[in-house]
file data_4.cif (mmCIF, C-alpha atoms)
data_work
loop_
_atom_site.label_atom_id
_atom_site.label_comp_id
_atom_site.auth_asym_id
_atom_site.auth_seq_id
_atom_site.Cartn_x
_atom_site.Cartn_y
_atom_site.Cartn_z
CA MET W 822 13.35 -156.79 -158.55
CA ALA W 823 14.73 -154.44 -155.94
CA GLN W 824 13.95 -155.29 -152.33
CA VAL W 825 12.78 -152.67 -149.84
CA SER W 826 13.57 -153.43 -146.19
CA SER W 827 11.53 -152.21 -143.27
CA PRO W 828 13.11 -150.88 -140.06
CA GLN W 829 11.76 -153.94 -138.17
CA GLY W 830 13.56 -156.39 -140.44
CA GLY W 831 10.63 -156.98 -142.80
CA SER W 832 11.19 -156.63 -146.52
CA LEU W 833 8.88 -155.77 -149.36
CA GLU W 834 9.65 -157.08 -152.83
CA GLY W 835 7.13 -155.58 -155.20
CA PRO W 836 3.76 -156.63 -153.75
CA ALA W 837 5.27 -159.58 -151.87
CA LEU W 838 6.09 -159.34 -148.16
CA SER W 839 8.80 -161.35 -146.45
CA HIS W 840 10.80 -160.92 -143.24
CA THR W 841 14.57 -161.03 -142.84
CA VAL W 842 15.40 -162.27 -139.35
CA ALA W 843 17.21 -159.72 -137.19
CA PRO W 844 19.20 -160.44 -134.01
CA GLY W 845 16.77 -161.00 -131.15
CA ASP W 846 13.89 -162.08 -133.38
CA THR W 847 11.93 -165.20 -132.45
CA LEU W 848 9.13 -166.91 -134.33
CA PHE W 849 6.78 -165.72 -131.62
CA SER W 850 7.83 -162.05 -131.92
CA ILE W 851 7.56 -162.22 -135.73
CA ALA W 852 4.16 -163.90 -135.57
CA ARG W 853 2.93 -161.23 -133.16
CA ARG W 854 4.30 -158.43 -135.36
CA TYR W 855 2.57 -159.68 -138.49
CA GLY W 856 -0.61 -160.97 -136.88
CA THR W 857 -0.09 -164.66 -137.57
CA THR W 858 0.90 -167.75 -135.55
CA VAL W 859 4.13 -169.64 -134.88
CA GLU W 860 2.59 -172.77 -136.40
CA GLU W 861 1.68 -170.93 -139.62
CA LEU W 862 5.18 -169.49 -139.99
CA MET W 863 6.70 -172.95 -139.46
CA ARG W 864 4.36 -174.48 -142.04
CA LEU W 865 4.98 -171.79 -144.66
CA ASN W 866 8.75 -172.00 -144.30
CA GLY W 867 9.13 -175.77 -143.92
CA LEU W 868 10.62 -175.39 -140.43
CA ASP W 869 10.88 -178.36 -138.10
CA THR W 870 12.20 -176.21 -135.24
CA PHE W 871 11.25 -172.82 -133.80
CA LEU W 872 14.91 -171.72 -133.87
CA ILE W 873 15.83 -169.12 -136.51
CA GLN W 874 19.06 -167.34 -137.44
CA PRO W 875 19.81 -163.69 -138.25
CA GLY W 876 19.74 -163.15 -142.00
CA GLN W 877 17.29 -165.98 -142.63
CA VAL W 878 14.40 -164.94 -144.91
CA LEU W 879 10.94 -166.06 -143.84
CA ARG W 880 7.83 -166.14 -145.97
CA LEU W 881 4.78 -164.51 -144.41
CA PRO W 882 1.12 -165.47 -144.83
CA GLN W 883 -0.79 -163.95 -147.72
CA GLY W 884 -2.06 -160.46 -147.10
CA GLY W 885 -5.63 -159.57 -146.34
CA GLU W 886 -7.67 -158.78 -143.30
CA ARG W 887 -7.31 -161.06 -140.29
CA ILE W 888 -9.62 -161.88 -137.41
CA HIS W 889 -8.90 -161.60 -133.68
CA VAL W 890 -11.17 -162.94 -130.94
CA VAL W 891 -10.92 -160.67 -127.89
CA ALA W 892 -9.37 -162.39 -124.86
CA PRO W 893 -9.41 -161.26 -121.21
CA GLY W 894 -7.06 -158.30 -120.79
CA ASP W 895 -7.12 -157.25 -124.44
CA THR W 896 -7.50 -153.55 -125.22
CA LEU W 897 -7.51 -151.72 -128.54
CA PHE W 898 -4.14 -150.26 -127.56
CA SER W 899 -2.55 -153.66 -126.83
CA LEU W 900 -4.00 -155.15 -130.02
CA ALA W 901 -2.77 -152.22 -132.09
CA ARG W 902 0.75 -152.79 -130.73
CA ARG W 903 0.50 -156.55 -131.27
CA TYR W 904 -0.63 -156.29 -134.89
CA GLY W 905 1.41 -153.26 -135.90
CA THR W 906 -1.51 -150.91 -136.48
CA THR W 907 -3.25 -148.05 -134.65
CA VAL W 908 -6.24 -147.74 -132.34
CA GLU W 909 -7.84 -145.39 -134.85
CA GLU W 910 -7.44 -147.92 -137.68
CA LEU W 911 -8.98 -150.70 -135.58
CA MET W 912 -11.91 -148.49 -134.64
CA ARG W 913 -12.45 -147.44 -138.26
CA LEU W 914 -12.23 -150.99 -139.60
CA ASN W 915 -14.68 -152.31 -137.03
CA GLY W 916 -17.06 -149.36 -137.04
CA PHE W 917 -16.44 -148.48 -133.38
CA SER W 918 -17.45 -145.17 -131.86
CA THR W 919 -15.96 -146.04 -128.46
CA PRO W 920 -12.80 -148.04 -127.59
CA GLY W 921 -14.47 -150.57 -125.26
CA LEU W 922 -14.10 -154.31 -125.99
CA LYS W 923 -15.92 -157.43 -124.78
CA VAL W 924 -14.33 -160.86 -124.25
CA GLY W 925 -15.27 -163.12 -127.17
CA GLN W 926 -15.89 -160.21 -129.53
CA THR W 927 -14.53 -160.72 -133.07
CA LEU W 928 -12.40 -157.93 -134.52
CA ARG W 929 -11.24 -157.32 -138.06
CA ILE W 930 -7.47 -156.73 -138.17
CA PRO W 931 -5.75 -154.96 -141.10
CA ALA W 932 -3.18 -156.83 -143.16
CA PRO W 933 0.53 -156.21 -142.43
CA ARG W 934 1.77 -152.94 -143.95
CA GLY W 935 5.10 -152.56 -145.70
CA GLU W 936 7.43 -149.60 -145.32
CA ASP W 937 5.96 -147.94 -148.41
CA GLY W 938 2.46 -148.15 -146.92
CA SER W 939 1.19 -150.97 -149.15
CA ARG W 940 -0.40 -154.15 -147.87
CA GLY W 941 1.70 -157.21 -148.60
CA LYS W 942 1.34 -160.88 -149.42
CA ALA W 943 3.67 -163.75 -148.73
CA SER W 944 6.61 -163.85 -151.10
CA PRO W 945 6.59 -166.93 -153.37
CA GLU W 946 10.25 -166.22 -154.14
CA SER W 947 11.50 -166.51 -150.56
CA PRO W 948 12.48 -170.16 -149.99
CA PRO W 949 12.87 -171.54 -146.50
CA SER W 950 16.33 -171.70 -145.05
CA PRO W 951 18.12 -174.97 -145.99
CA GLN W 952 18.98 -175.39 -142.32
CA GLY W 953 15.31 -175.16 -141.33
CA GLY W 954 16.16 -172.48 -138.79
CA GLY W 955 18.28 -174.82 -136.65
CA HIS W 956 21.40 -173.75 -134.81
CA THR W 957 24.27 -175.98 -133.69
CA ARG W 958 26.34 -174.69 -130.79
CA ASP W 959 29.48 -176.04 -129.24
CA PRO W 960 28.32 -177.38 -125.85
CA GLY W 961 31.08 -175.37 -124.22
CA GLU W 962 29.83 -172.11 -125.73
CA SER W 963 27.02 -171.49 -123.28
CA PRO W 964 27.85 -169.97 -119.89
CA LEU W 965 24.82 -171.81 -118.50
CA GLY W 966 25.98 -175.31 -119.40
CA VAL W 967 23.24 -175.77 -122.00
CA GLY W 968 22.81 -179.29 -123.37
CA GLU W 969 21.93 -180.12 -126.98
CA ASP W 970 19.36 -182.88 -126.52
CA TYR W 971 16.61 -181.40 -128.72
CA ASP W 972 13.74 -183.15 -130.44
CA PRO W 973 11.32 -181.04 -132.55
CA GLU W 974 8.82 -183.92 -132.46
CA SER W 975 8.77 -184.23 -128.67
CA PRO W 976 5.35 -184.12 -126.97
CA LEU W 977 6.75 -181.44 -124.66
CA LEU W 978 7.49 -179.00 -127.47
CA LYS W 979 4.17 -179.61 -129.22
CA ILE W 980 2.30 -178.85 -126.00
CA VAL W 981 4.32 -175.69 -125.36
CA LEU W 982 3.62 -174.35 -128.86
CA ARG W 983 -0.11 -174.58 -128.22
CA TYR W 984 0.24 -172.23 -125.25
CA LEU W 985 2.15 -169.49 -127.08
CA GLY W 986 0.31 -166.20 -126.81
CA VAL W 987 -1.93 -167.19 -123.88
CA PRO W 988 -2.26 -164.04 -121.71
CA TYR W 989 -0.32 -163.76 -118.46
CA LYS W 990 -2.19 -162.93 -115.27
CA TYR W 991 -0.76 -163.23 -111.79
CA GLY W 992 -2.40 -166.05 -109.82
CA ALA W 993 -4.39 -167.27 -112.84
CA ASN W 994 -4.59 -170.90 -113.88
CA SER W 995 -7.05 -171.34 -116.74
CA PRO W 996 -7.08 -171.91 -120.53
CA THR W 997 -7.55 -168.16 -121.08
CA SER W 998 -4.87 -166.81 -118.71
CA LEU W 999 -2.18 -168.13 -116.38
CA ASP W 1000 0.94 -167.21 -114.47
CA CYS W 1001 4.45 -168.64 -114.77
CA SER W 1002 4.12 -171.58 -112.38
CA ALA W 1003 0.66 -172.45 -113.70
CA PHE W 1004 2.06 -172.57 -117.23
CA VAL W 1005 4.76 -175.15 -116.45
CA ALA W 1006 2.32 -177.11 -114.28
CA GLN W 1007 -0.27 -177.24 -117.08
CA VAL W 1008 2.31 -178.40 -119.62
CA TYR W 1009 3.44 -181.20 -117.33
CA ALA W 1010 -0.16 -182.09 -116.47
CA GLU W 1011 -0.72 -182.81 -120.17
CA LEU W 1012 2.27 -185.18 -119.96
CA GLY W 1013 0.67 -186.93 -117.01
CA ILE W 1014 2.93 -185.45 -114.33
CA ALA W 1015 1.62 -183.38 -111.42
CA LEU W 1016 3.78 -180.44 -110.35
CA PRO W 1017 3.36 -178.28 -107.23
CA ARG W 1018 1.38 -175.10 -107.91
CA THR W 1019 3.76 -172.33 -106.82
CA THR W 1020 7.20 -171.37 -108.11
CA ARG W 1021 8.85 -171.83 -104.72
CA GLU W 1022 7.30 -175.29 -104.25
CA GLN W 1023 8.44 -176.33 -107.71
CA PHE W 1024 11.98 -175.17 -106.96
CA GLN W 1025 12.06 -177.20 -103.75
CA ALA W 1026 10.42 -180.35 -105.13
CA PHE W 1027 13.02 -181.56 -107.65
CA PRO W 1028 16.77 -182.21 -107.81
CA ALA W 1029 19.15 -179.66 -109.31
CA ALA W 1030 20.07 -179.94 -113.00
CA GLU W 1031 23.66 -178.98 -113.78
CA SER W 1032 23.69 -179.29 -117.60
CA LEU W 1033 20.33 -178.23 -118.96
CA ARG W 1034 18.11 -180.58 -120.91
CA PRO W 1035 14.68 -180.03 -122.53
CA GLY W 1036 11.97 -180.21 -119.89
CA ASP W 1037 14.08 -178.79 -117.06
CA LEU W 1038 12.48 -176.07 -114.98
CA VAL W 1039 14.56 -172.87 -115.00
CA PHE W 1040 14.21 -170.45 -112.10
CA PHE W 1041 14.84 -166.75 -111.63
CA SER W 1042 14.83 -164.08 -108.96
CA PHE W 1043 13.87 -160.64 -110.23
CA GLY W 1044 12.84 -159.20 -106.89
CA GLY W 1045 15.81 -160.13 -104.70
CA LYS W 1046 17.02 -163.39 -103.16
CA ASP W 1047 13.76 -165.35 -103.29
CA ILE W 1048 12.77 -167.42 -106.33
CA ASP W 1049 9.90 -165.60 -108.04
CA HIS W 1050 9.76 -166.84 -111.64
CA VAL W 1051 9.93 -170.16 -113.51
CA GLY W 1052 10.13 -171.24 -117.13
CA LEU W 1053 10.47 -174.42 -119.14
CA TYR W 1054 13.76 -175.13 -120.93
CA LEU W 1055 13.28 -176.31 -124.53
CA GLY W 1056 16.86 -176.91 -125.71
CA ARG W 1057 19.56 -174.97 -127.54
CA GLY W 1058 19.49 -172.03 -125.20
CA VAL W 1059 15.81 -171.07 -125.31
CA PHE W 1060 12.99 -171.41 -122.80
CA ALA W 1061 9.23 -170.88 -122.68
CA HIS W 1062 7.54 -168.96 -119.90
CA ALA W 1063 4.47 -166.95 -119.02
CA SER W 1064 6.06 -163.53 -119.02
CA SER W 1065 4.67 -160.71 -116.92
CA TYR W 1066 6.79 -158.32 -119.00
CA GLY W 1067 5.49 -159.65 -122.32
CA SER W 1068 2.01 -160.22 -120.85
CA ARG W 1069 1.70 -163.68 -122.43
CA VAL W 1070 3.46 -167.04 -122.95
CA VAL W 1071 6.60 -166.51 -125.04
CA ILE W 1072 9.81 -168.27 -126.08
CA GLU W 1073 13.02 -166.37 -125.36
CA SER W 1074 16.77 -166.84 -125.09
CA LEU W 1075 17.99 -167.98 -121.70
CA GLU W 1076 21.35 -166.43 -122.55
CA ALA W 1077 19.99 -162.89 -122.85
CA PRO W 1078 21.73 -160.68 -120.24
CA PHE W 1079 18.38 -159.80 -118.63
CA TYR W 1080 17.74 -163.46 -117.82
CA GLN W 1081 21.33 -164.44 -117.05
CA LYS W 1082 21.45 -161.81 -114.32
CA ALA W 1083 18.33 -163.16 -112.62
CA TYR W 1084 18.96 -166.88 -113.28
CA ARG W 1085 19.11 -169.00 -110.11
CA GLY W 1086 19.40 -172.54 -111.43
CA ALA W 1087 17.35 -175.42 -112.81
CA ARG W 1088 15.46 -178.42 -111.49
CA ARG W 1089 14.88 -181.71 -113.32
CA VAL W 1090 11.51 -183.43 -113.55
CA VAL W 1091 11.33 -187.16 -114.47
CA GLN W 1092 12.79 -187.27 -117.97
CA GLU W 1093 11.30 -190.59 -119.07
CA ALA W 1094 7.86 -188.95 -119.26
CA LEU W 1095 9.09 -186.56 -121.94
CA ARG W 1096 10.06 -189.17 -124.52
#

call {"tool": "encode", "arguments": {"input": "data_4.cif", "output": "structure tokens"}}
result
Amino acid sequence: MAQVSSPQGGSLEGPALSHTVAPGDTLFSIARRYGTTVEELMRLNGLDTFLIQPGQVLRLPQGGERIHVVAPGDTLFSLARRYGTTVEELMRLNGFSTPGLKVGQTLRIPAPRGEDGSRGKASPESPPSPQGGGHTRDPGESPLGVGEDYDPESPLLKIVLRYLGVPYKYGANSPTSLDCSAFVAQVYAELGIALPRTTREQFQAFPAAESLRPGDLVFFSFGGKDIDHVGLYLGRGVFAHASSYGSRVVIESLEAPFYQKAYRGARRVVQEALR
């Protein structure tokens, strides 16, 4: 059966929807595009790591309407962008006459739409990648001295995955919204380690890390010389952070030019607590 590819890297094979990974894709960005979760994509595709490779074909959840519970900061516009639909479609589906939302409100979300306009289901013919989405890099390949000590079963990674998608809000520190330093502090709090609250205090509190390892705090300066952003290194060149640009907790490549330019170094927290 001929396969029809979408401009975003999705592909429609008959009534079955799958996604072919494009450069720059992450499990988080794909989950957001199709209105699912990182955990569901990993389960469907037999992945034991969140790392994926261009050209890899991922199965998507079965089609059908989805449900979204409105969180602080959500708008119909932001939800339409997140789920690949329109404000008008969301209003029609939910019987709205005005675009206002209330926190805790439950919305019906349309199923993902293929390029030909049809609603898709997960493709039973798209097997998971035999590599499970992993990527092995020569340690000398990374300009940031990235280490390869990576454990998909680590408590650190499992905690981080639970925070994916939590909204970003400057100065916030709660289960419903947080900022960058609150995110890393909350992750470490669940590991039984107390971190200072602010980015600058975190940068000053721990020794420098030359070759990165999972759990290291990675710091950036986007506004000038001062440290103003922090993330949590996960291994193999990616890090998790509460992104003001993405408006939520995401996983991204530390080697992307945007982050390399602003990167100011890493600090190491007690490693024994991560094992």

call {"tool": "residues_near_point", "arguments": {"input": "data_4.cif", "point": "(-0.4, -166.6, -112.0)", "cutoff": "10 Å", "atoms": "all atoms listed in the file", "output": "list in words"}}
result
Tyr989, Lys990, Tyr991, Gly992, Ala993, Asn994, Ser995, Ser998, Leu999, Asp1000, Cys1001, Ser1002, Ala1003, Phe1004, Arg1018, Thr1019, Thr1020, Ala1063 and Ser1065 of chain W

call {"tool": "atom_distance", "arguments": {"input": "data_4.cif", "atom1": "CA of Leu1053 in chain W", "atom2": "CA of Arg1034 in chain W"}}
result
10.0 Å

call {"tool": "atom_distance", "arguments": {"input": "data_4.cif", "atom1": "CA of Pro1078 in chain W", "atom2": "CA of His840 in chain W"}}
result
25.5 Å

call {"tool": "atom_distance", "arguments": {"input": "data_4.cif", "atom1": "CA of His1050 in chain W", "atom2": "CA of Leu1038 in chain W"}}
result
10.2 Å

call {"tool": "closest_residue", "arguments": {"input": "data_4.cif", "among": "W:Gln926, W:Ser975, W:Asn915, W:Gln1081", "to": "Phe1041 in chain W", "atoms": "all atoms listed in the file"}}
result
W:Gln1081

call {"tool": "residues_near_point", "arguments": {"input": "data_4.cif", "point": "(3.1, -157.2, -130.6)", "cutoff": "6 Å", "atoms": "only C-alpha atoms", "output": "ChimeraX atom specification"}}
result
/W:853-854,902-904

call {"tool": "closest_residue", "arguments": {"input": "data_4.cif", "among": "W:Leu1075, W:Val981, W:Val1090, W:Val1070", "to": "Gln1023 in chain W", "atoms": "all atoms listed in the file"}}
result
W:Val1090

call {"tool": "closest_residue", "arguments": {"input": "data_4.cif", "among": "W:Leu922, W:Leu978, W:Ala1010, W:Leu865", "to": "Leu1055 in chain W", "atoms": "all atoms listed in the file"}}
result
W:Leu978

call {"tool": "closest_residue", "arguments": {"input": "data_4.cif", "among": "W:Ala1015, W:Val842, W:Leu928, W:Ala1029", "to": "Ile873 in chain W", "atoms": "all atoms listed in the file"}}
result
W:Val842

call {"tool": "closest_residue", "arguments": {"input": "data_4.cif", "among": "W:Val878, W:Leu897, W:Leu1033, W:Met912", "to": "Arg1057 in chain W", "atoms": "only C-alpha atoms"}}
result
W:Leu1033

call {"tool": "resolve_selection", "arguments": {"input": "data_4.cif", "expression": "the PyMOL selection byres ((chain W and resi 1024) around 8)", "output": "list in words"}}
result
Thr1020, Arg1021, Glu1022, Gln1023, Gln1025, Ala1026, Phe1027, Phe1040, Ile1048, Ala1087 and Arg1088 of chain W

call {"tool": "residues_around", "arguments": {"input": "data_4.cif", "residues": "Leu900 in chain W", "least_positions_apart": "4", "cutoff": "10 Å", "atoms": "all atoms listed in the file", "output": "JSON, numbers by chain"}}
result
{"W": [853, 856, 889, 891, 895, 896, 904, 905, 906, 907, 908, 911, 928, 930]}

call {"tool": "write_last_selection", "arguments": {"input": "data_4.cif", "atoms": "C-alpha atoms", "output": "short mmCIF file (atom, residue, chain, number, x, y, z; two decimals), in the coordinates of the input"}}
result
data_model
loop_
_atom_site.label_atom_id
_atom_site.label_comp_id
_atom_site.auth_asym_id
_atom_site.auth_seq_id
_atom_site.Cartn_x
_atom_site.Cartn_y
_atom_site.Cartn_z
CA ARG W 853 2.93 -161.23 -133.16
CA GLY W 856 -0.61 -160.97 -136.88
CA HIS W 889 -8.90 -161.60 -133.68
CA VAL W 891 -10.92 -160.67 -127.89
CA ASP W 895 -7.12 -157.25 -124.44
CA THR W 896 -7.50 -153.55 -125.22
CA TYR W 904 -0.63 -156.29 -134.89
CA GLY W 905 1.41 -153.26 -135.90
CA THR W 906 -1.51 -150.91 -136.48
CA THR W 907 -3.25 -148.05 -134.65
CA VAL W 908 -6.24 -147.74 -132.34
CA LEU W 911 -8.98 -150.70 -135.58
CA LEU W 928 -12.40 -157.93 -134.52
CA ILE W 930 -7.47 -156.73 -138.17
#

call {"tool": "closest_residue", "arguments": {"input": "data_4.cif", "among": "W:Val1071, W:Leu879, W:Leu1016, W:Ala1083", "to": "Val1039 in chain W", "atoms": "only C-alpha atoms"}}
result
W:Ala1083

call {"tool": "residues_around", "arguments": {"input": "data_4.cif", "residues": "Ser1042 in chain W", "least_positions_apart": "3", "cutoff": "10 Å", "atoms": "all atoms listed in the file", "output": "PDB file with C-alpha atoms, in the coordinates of the input"}}
result
ATOM      1  CA  GLY W1045      15.810-160.130-104.700  1.00  0.00           C
ATOM      2  CA  LYS W1046      17.020-163.390-103.160  1.00  0.00           C
ATOM      3  CA  ASP W1047      13.760-165.350-103.290  1.00  0.00           C
ATOM      4  CA  ILE W1048      12.770-167.420-106.330  1.00  0.00           C
ATOM      5  CA  ASP W1049       9.900-165.600-108.040  1.00  0.00           C
ATOM      6  CA  HIS W1050       9.760-166.840-111.640  1.00  0.00           C
ATOM      7  CA  VAL W1051       9.930-170.160-113.510  1.00  0.00           C
ATOM      8  CA  TYR W1080      17.740-163.460-117.820  1.00  0.00           C
ATOM      9  CA  LYS W1082      21.450-161.810-114.320  1.00  0.00           C
ATOM     10  CA  ALA W1083      18.330-163.160-112.620  1.00  0.00           C
ATOM     11  CA  TYR W1084      18.960-166.880-113.280  1.00  0.00           C
ATOM     12  CA  ARG W1085      19.110-169.000-110.110  1.00  0.00           C
ATOM     13  CA  GLY W1086      19.400-172.540-111.430  1.00  0.00           C
TER      14      GLY W1086
END
